[in-house]
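Undergrad: The following file, final03.pdb, comprises PDB, C-alpha atoms:
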```
ATOM      1  CA  ARG A   1      57.506 152.203 210.324  1.00  0.00           C
ATOM      2  CA  VAL A   2      57.280 150.242 207.061  1.00  0.00           C
ATOM      3  CA  ASP A   3      53.468 150.307 207.031  1.00  0.00           C
ATOM      4  CA  ALA A   4      53.371 154.051 207.715  1.00  0.00           C
ATOM      5  CA  LEU A   5      55.923 154.734 205.000  1.00  0.00           C
ATOM      6  CA  ALA A   6      54.011 152.544 202.526  1.00  0.00           C
ATOM      7  CA  GLU A   7      50.815 154.448 203.349  1.00  0.00           C
ATOM      8  CA  ASP A   8      52.522 157.755 202.592  1.00  0.00           C
ATOM      9  CA  MET A   9      54.094 156.434 199.393  1.00  0.00           C
ATOM     10  CA  GLU A  10      50.697 155.250 198.181  1.00  0.00           C
ATOM     11  CA  PHE A  11      49.193 158.644 198.998  1.00  0.00           C
ATOM     12  CA  PHE A  12      51.838 160.511 197.000  1.00  0.00           C
ATOM     13  CA  TYR A  13      52.523 158.047 194.173  1.00  0.00           C
ATOM     14  CA  GLY A  14      49.456 155.828 193.932  1.00  0.00           C
ATOM     15  CA  PRO A  15      48.904 152.119 194.474  1.00  0.00           C
ATOM     16  CA  GLY A  16      51.575 151.094 191.939  1.00  0.00           C
ATOM     17  CA  TRP A  17      54.383 153.008 193.651  1.00  0.00           C
ATOM     18  CA  LYS A  18      56.398 149.839 194.397  1.00  0.00           C
ATOM     19  CA  ASP A  19      56.675 149.146 190.670  1.00  0.00           C
ATOM     20  CA  ASN A  20      57.423 152.726 189.653  1.00  0.00           C
ATOM     21  CA  ILE A  21      59.612 154.278 192.353  1.00  0.00           C
ATOM     22  CA  ARG A  22      63.297 153.389 192.591  1.00  0.00           C
ATOM     23  CA  PRO A  23      65.698 154.336 195.376  1.00  0.00           C
ATOM     24  CA  SER A  24      67.968 157.261 194.627  1.00  0.00           C
ATOM     25  CA  ARG A  25      71.749 156.876 194.488  1.00  0.00           C
ATOM     26  CA  GLU A  26      72.181 158.121 198.060  1.00  0.00           C
ATOM     27  CA  ALA A  27      69.315 155.973 199.351  1.00  0.00           C
ATOM     28  CA  LYS A  28      71.022 152.929 197.842  1.00  0.00           C
ATOM     29  CA  ILE A  29      74.270 153.864 199.587  1.00  0.00           C
ATOM     30  CA  TYR A  30      72.386 154.122 202.884  1.00  0.00           C
ATOM     31  CA  ALA A  31      70.595 150.790 202.383  1.00  0.00           C
ATOM     32  CA  ASP A  32      73.879 149.106 201.444  1.00  0.00           C
ATOM     33  CA  ARG A  33      75.425 150.399 204.673  1.00  0.00           C
ATOM     34  CA  VAL A  34      72.559 148.983 206.734  1.00  0.00           C
ATOM     35  CA  ARG A  35      72.909 145.585 205.044  1.00  0.00           C
ATOM     36  CA  GLU A  36      76.695 145.613 205.502  1.00  0.00           C
ATOM     37  CA  ILE A  37      76.650 146.276 209.245  1.00  0.00           C
ATOM     38  CA  ALA A  38      73.665 143.986 209.813  1.00  0.00           C
ATOM     39  CA  GLU A  39      75.810 141.181 208.448  1.00  0.00           C
ATOM     40  CA  HIS A  40      79.220 142.116 209.859  1.00  0.00           C
ATOM     41  CA  ASN A  41      78.667 144.258 212.979  1.00  0.00           C
ATOM     42  CA  PRO A  42      74.991 144.366 214.019  1.00  0.00           C
ATOM     43  CA  LYS A  43      75.674 146.373 217.186  1.00  0.00           C
ATOM     44  CA  LEU A  44      76.218 149.358 214.916  1.00  0.00           C
ATOM     45  CA  LEU A  45      72.513 149.212 214.043  1.00  0.00           C
ATOM     46  CA  ILE A  46      72.013 150.966 217.385  1.00  0.00           C
ATOM     47  CA  GLY A  47      73.460 154.076 215.749  1.00  0.00           C
ATOM     48  CA  HIS A  48      70.832 153.809 213.024  1.00  0.00           C
ATOM     49  CA  GLN A  49      68.039 153.280 215.510  1.00  0.00           C
ATOM     50  CA  TYR A  50      69.252 156.269 217.497  1.00  0.00           C
ATOM     51  CA  THR A  51      69.512 158.572 214.501  1.00  0.00           C
ATOM     52  CA  ARG A  52      66.544 157.467 212.451  1.00  0.00           C
ATOM     53  CA  TYR A  53      63.965 156.106 214.864  1.00  0.00           C
ATOM     54  CA  LEU A  54      64.553 158.348 217.855  1.00  0.00           C
ATOM     55  CA  GLY A  55      65.246 161.296 215.570  1.00  0.00           C
ATOM     56  CA  ASP A  56      62.033 160.687 213.658  1.00  0.00           C
ATOM     57  CA  LEU A  57      60.135 160.183 216.902  1.00  0.00           C
ATOM     58  CA  PHE A  58      61.480 163.359 218.451  1.00  0.00           C
ATOM     59  CA  GLY A  59      61.244 165.509 215.337  1.00  0.00           C
ATOM     60  CA  GLY A  60      58.218 163.763 213.878  1.00  0.00           C
ATOM     61  CA  GLN A  61      55.598 166.127 215.222  1.00  0.00           C
ATOM     62  CA  MET A  62      57.512 169.142 213.934  1.00  0.00           C
ATOM     63  CA  MET A  63      58.333 167.570 210.568  1.00  0.00           C
ATOM     64  CA  GLY A  64      54.811 166.195 210.072  1.00  0.00           C
ATOM     65  CA  SER A  65      53.287 169.558 210.878  1.00  0.00           C
ATOM     66  CA  MET A  66      55.689 171.351 208.519  1.00  0.00           C
ATOM     67  CA  ALA A  67      54.929 168.876 205.733  1.00  0.00           C
ATOM     68  CA  SER A  68      51.166 169.226 206.257  1.00  0.00           C
ATOM     69  CA  LYS A  69      51.347 173.014 206.074  1.00  0.00           C
ATOM     70  CA  SER A  70      53.865 173.384 203.255  1.00  0.00           C
ATOM     71  CA  LEU A  71      52.213 170.721 201.070  1.00  0.00           C
ATOM     72  CA  GLU A  72      48.682 171.743 202.112  1.00  0.00           C
ATOM     73  CA  LEU A  73      47.796 168.211 203.168  1.00  0.00           C
ATOM     74  CA  GLY A  74      44.472 167.560 204.821  1.00  0.00           C
ATOM     75  CA  ASP A  75      43.358 165.006 207.389  1.00  0.00           C
ATOM     76  CA  GLY A  76      46.928 163.857 208.095  1.00  0.00           C
ATOM     77  CA  LYS A  77      47.262 162.319 204.645  1.00  0.00           C
ATOM     78  CA  GLY A  78      50.853 161.842 203.538  1.00  0.00           C
ATOM     79  CA  THR A  79      52.291 162.187 207.044  1.00  0.00           C
ATOM     80  CA  ALA A  80      51.726 158.737 208.557  1.00  0.00           C
ATOM     81  CA  PHE A  81      55.493 158.225 208.838  1.00  0.00           C
ATOM     82  CA  TYR A  82      55.669 161.018 211.399  1.00  0.00           C
ATOM     83  CA  LYS A  83      52.979 159.535 213.631  1.00  0.00           C
ATOM     84  CA  PHE A  84      53.918 157.122 216.390  1.00  0.00           C
ATOM     85  CA  ASP A  85      50.517 155.953 217.602  1.00  0.00           C
ATOM     86  CA  ASP A  86      51.976 153.086 219.624  1.00  0.00           C
ATOM     87  CA  ILE A  87      54.012 155.453 221.809  1.00  0.00           C
ATOM     88  CA  ASP A  88      51.904 157.275 224.382  1.00  0.00           C
ATOM     89  CA  ASP A  89      54.674 159.413 225.874  1.00  0.00           C
ATOM     90  CA  THR A  90      57.735 160.318 223.805  1.00  0.00           C
ATOM     91  CA  THR A  91      59.824 161.315 226.825  1.00  0.00           C
ATOM     92  CA  ASP A  92      59.043 158.078 228.669  1.00  0.00           C
ATOM     93  CA  PHE A  93      59.863 156.031 225.587  1.00  0.00           C
ATOM     94  CA  ILE A  94      63.208 157.767 225.037  1.00  0.00           C
ATOM     95  CA  THR A  95      64.069 157.396 228.741  1.00  0.00           C
ATOM     96  CA  MET A  96      63.255 153.677 228.579  1.00  0.00           C
ATOM     97  CA  TRP A  97      65.329 153.315 225.390  1.00  0.00           C
ATOM     98  CA  TYR A  98      68.346 154.936 227.011  1.00  0.00           C
ATOM     99  CA  THR A  99      67.950 152.798 230.117  1.00  0.00           C
ATOM    100  CA  LYS A 100      68.014 149.658 227.979  1.00  0.00           C
ATOM    101  CA  LEU A 101      70.953 151.006 225.961  1.00  0.00           C
ATOM    102  CA  ASN A 102      72.919 151.677 229.150  1.00  0.00           C
ATOM    103  CA  ASP A 103      72.190 148.125 230.326  1.00  0.00           C
ATOM    104  CA  LEU A 104      73.868 146.635 227.244  1.00  0.00           C
ATOM    105  CA  ASP A 105      77.267 145.055 227.818  1.00  0.00           C
ATOM    106  CA  LEU A 106      79.303 147.222 225.441  1.00  0.00           C
ATOM    107  CA  THR A 107      83.003 147.961 225.535  1.00  0.00           C
ATOM    108  CA  ASP A 108      84.224 151.551 225.323  1.00  0.00           C
ATOM    109  CA  GLU A 109      85.376 150.829 221.778  1.00  0.00           C
ATOM    110  CA  GLU A 110      81.921 149.521 220.810  1.00  0.00           C
ATOM    111  CA  LYS A 111      80.302 152.622 222.300  1.00  0.00           C
ATOM    112  CA  GLU A 112      82.612 154.858 220.269  1.00  0.00           C
ATOM    113  CA  ASP A 113      81.890 152.820 217.135  1.00  0.00           C
ATOM    114  CA  ILE A 114      78.141 153.247 217.696  1.00  0.00           C
ATOM    115  CA  ILE A 115      78.553 157.013 218.134  1.00  0.00           C
ATOM    116  CA  ASP A 116      80.660 157.166 214.968  1.00  0.00           C
ATOM    117  CA  GLU A 117      77.990 155.168 213.133  1.00  0.00           C
ATOM    118  CA  ALA A 118      75.245 157.519 214.357  1.00  0.00           C
ATOM    119  CA  ASN A 119      77.220 160.461 212.973  1.00  0.00           C
ATOM    120  CA  LEU A 120      77.678 158.613 209.671  1.00  0.00           C
ATOM    121  CA  VAL A 121      73.931 157.924 209.552  1.00  0.00           C
ATOM    122  CA  PHE A 122      73.265 161.627 210.021  1.00  0.00           C
ATOM    123  CA  ASP A 123      75.620 162.466 207.143  1.00  0.00           C
ATOM    124  CA  LEU A 124      74.084 159.794 204.907  1.00  0.00           C
ATOM    125  CA  ASN A 125      70.605 161.149 205.599  1.00  0.00           C
ATOM    126  CA  VAL A 126      71.689 164.703 204.849  1.00  0.00           C
ATOM    127  CA  LYS A 127      72.996 163.485 201.474  1.00  0.00           C
ATOM    128  CA  ILE A 128      69.631 161.859 200.750  1.00  0.00           C
ATOM    129  CA  LEU A 129      67.816 165.078 201.635  1.00  0.00           C
ATOM    130  CA  GLU A 130      70.186 167.170 199.521  1.00  0.00           C
ATOM    131  CA  GLU A 131      69.605 164.824 196.625  1.00  0.00           C
ATOM    132  CA  LEU A 132      65.838 165.182 197.026  1.00  0.00           C
ATOM    133  CA  ASP A 133      65.321 168.789 197.903  1.00  0.00           C
ATOM    134  CA  GLY A 134      68.540 170.691 198.413  1.00  0.00           C
ATOM    135  CA  SER A 135      69.719 172.849 201.269  1.00  0.00           C
ATOM    136  CA  ALA A 136      66.314 173.784 202.729  1.00  0.00           C
ATOM    137  CA  MET A 137      65.652 170.187 203.745  1.00  0.00           C
ATOM    138  CA  LYS A 138      69.214 169.889 205.030  1.00  0.00           C
ATOM    139  CA  ALA A 139      68.638 172.925 207.235  1.00  0.00           C
ATOM    140  CA  VAL A 140      65.402 171.500 208.651  1.00  0.00           C
ATOM    141  CA  TRP A 141      66.988 168.089 209.264  1.00  0.00           C
ATOM    142  CA  THR A 142      70.048 169.675 210.915  1.00  0.00           C
ATOM    143  CA  LEU A 143      67.852 171.809 213.164  1.00  0.00           C
ATOM    144  CA  ALA A 144      65.740 168.818 214.196  1.00  0.00           C
ATOM    145  CA  TRP A 145      68.848 166.677 214.797  1.00  0.00           C
ATOM    146  CA  GLU A 146      70.646 169.293 216.896  1.00  0.00           C
ATOM    147  CA  THR A 147      67.502 170.036 218.904  1.00  0.00           C
ATOM    148  CA  PHE A 148      67.084 166.307 219.567  1.00  0.00           C
ATOM    149  CA  ARG A 149      70.718 165.945 220.665  1.00  0.00           C
ATOM    150  CA  GLU A 150      70.388 168.911 223.018  1.00  0.00           C
ATOM    151  CA  LYS A 151      67.124 167.587 224.417  1.00  0.00           C
ATOM    152  CA  ILE A 152      68.635 164.239 225.361  1.00  0.00           C
ATOM    153  CA  GLY A 153      71.821 165.767 226.720  1.00  0.00           C
ATOM    154  CA  LEU A 154      74.344 164.794 224.041  1.00  0.00           C
ATOM    155  CA  VAL A 155      75.145 168.426 223.310  1.00  0.00           C
ATOM    156  CA  LYS A 156      75.407 171.178 225.857  1.00  0.00           C
ATOM    157  CA  THR A 157      73.701 174.434 224.932  1.00  0.00           C
ATOM    158  CA  THR A 158      76.086 177.377 225.180  1.00  0.00           C
ATOM    159  CA  VAL A 159      75.187 180.979 225.834  1.00  0.00           C
ATOM    160  CA  ASN A 160      77.431 183.727 224.461  1.00  0.00           C
TER
END
```
Just give me the structure as structure tokens.
TA:
Amino acid sequence: RVDALAEDMEFFYGPGWKDNIRPSREAKIYADRVREIAEHNPKLLIGHQYTRYLGDLFGGQMMGSMASKSLELGDGKGTAFYKFDDIDDTTDFITMWYTKLNDLDLTDEEKEDIIDEANLVFDLNVKILEELDGSAMKAVWTLAWETFREKIGLVKTTVN
């Protein structure tokens, strides 16, 4: 994901982006959280992988398409982050990921901690989006997140 993100950053900000772009306040808070749990409780990184990687994978096509249209991007420029060329079948990949997750030897407490961390990751990402672009991005992210959770069976769809 780093290479794809770097490609997009160079597209939007030019080849010197690493010297000119600094993380926002909320992005720093998120990065600090990742470093903290990587050092003290690395199992919680599963919550980050679930929220960010699987969320980006699942919502990537929608988000990439929306970005291309709204920003009038051509030839896929600026949307490399939303492309997962190494994954042939999203559903198969997610199924395999969950199979491996279920095979991990985790206590009930660890499972709850991972779920709590995934919810924290969602909240931290919403704060980053609000900082960048306000409530419209929050709405898109929330829609993508809830659709993803429904798709994988974490949330039951109700009919009134």
Undergrad: List, as a PyMOL selection string, every residue that the PyMOL selection byres ((chain A and resi 9) around 12) selects in the file provided.
TA: chain A and resi 2-8+10-22+77-81
Undergrad: What does the distance between CA of Ser70 in chain A and CA of Val121 in chain A come to in Å, to one decimal place?
TA: 26.1 Å
Undergrad: Find the residues near Arg33 in chain A: any atom within 10 Å, counting all atoms listed in the file, skip ones fewer than 4 places away on the same chain, and give them as a ChimeraX atom specification.
TA: /A:27-29,37-39,45,120-121,124
Undergrad: Spell out the residues picked by the PyMOL selection byres ((chain A and resi 57) around 8) here, as a list of chain:residue names.
TA: A:Tyr53, A:Leu54, A:Gly55, A:Asp56, A:Phe58, A:Gly59, A:Gly60, A:Gln61, A:Tyr82, A:Lys83, A:Phe84, A:Thr90
Undergrad: Using the chain letters and numbers from the file, give me the residues hit by the PyMOL selection byres ((chain A and resi 25) around 12), as a list in words.
TA: Arg22, Pro23, Ser24, Glu26, Ala27, Lys28, Ile29, Tyr30, Ala31, Asp32, Leu124, Asn125, Lys127, Ile128, Leu129, Glu130, Glu131 and Leu132 of chain A
Undergrad: Would you compute an axis-aligned box for range 9-17 of chain A, covering every atom listed for it in the file with 8 Å of margin on each side, and report centre and edge lengths in Å to one decimal as AutoDock Vina command-line options?
TA:
```
--center_x 51.6 --center_y 155.8 --center_z 195.7 --size_x 21.5 --size_y 25.4 --size_z 23.5
```
Undergrad: Out of A:Asp92, A:Val34, A:Ile87, A:Glu112, which residue has the shortest atom-to-atom distance to His48 in chain A when counting all atoms listed in the file?
TA: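 The closest residue to His48 in chain A is A:Val34.
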Undergrad: Mind pulling up the distance from CA of Asn119 in chain A to CA of Gly47 in chain A?
TA: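 Between CA of Gly47 in chain A and CA of Asn119 in chain A the gap is 7.9 Å.
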Undergrad: Could you jot down the CA of Asp86 in chain A to CA of Val126 in chain A separation for me, Å, one decimal place?
TA: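 Separation of CA of Asp86 in chain A and CA of Val126 in chain A: 27.2 Å.
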Undergrad: Range 99-107 of chain A: which residues within 12 Å, counting all atoms listed in the file, same-chain residues fewer than 4 positions away excluded, as a count of residues only?
TA: 14
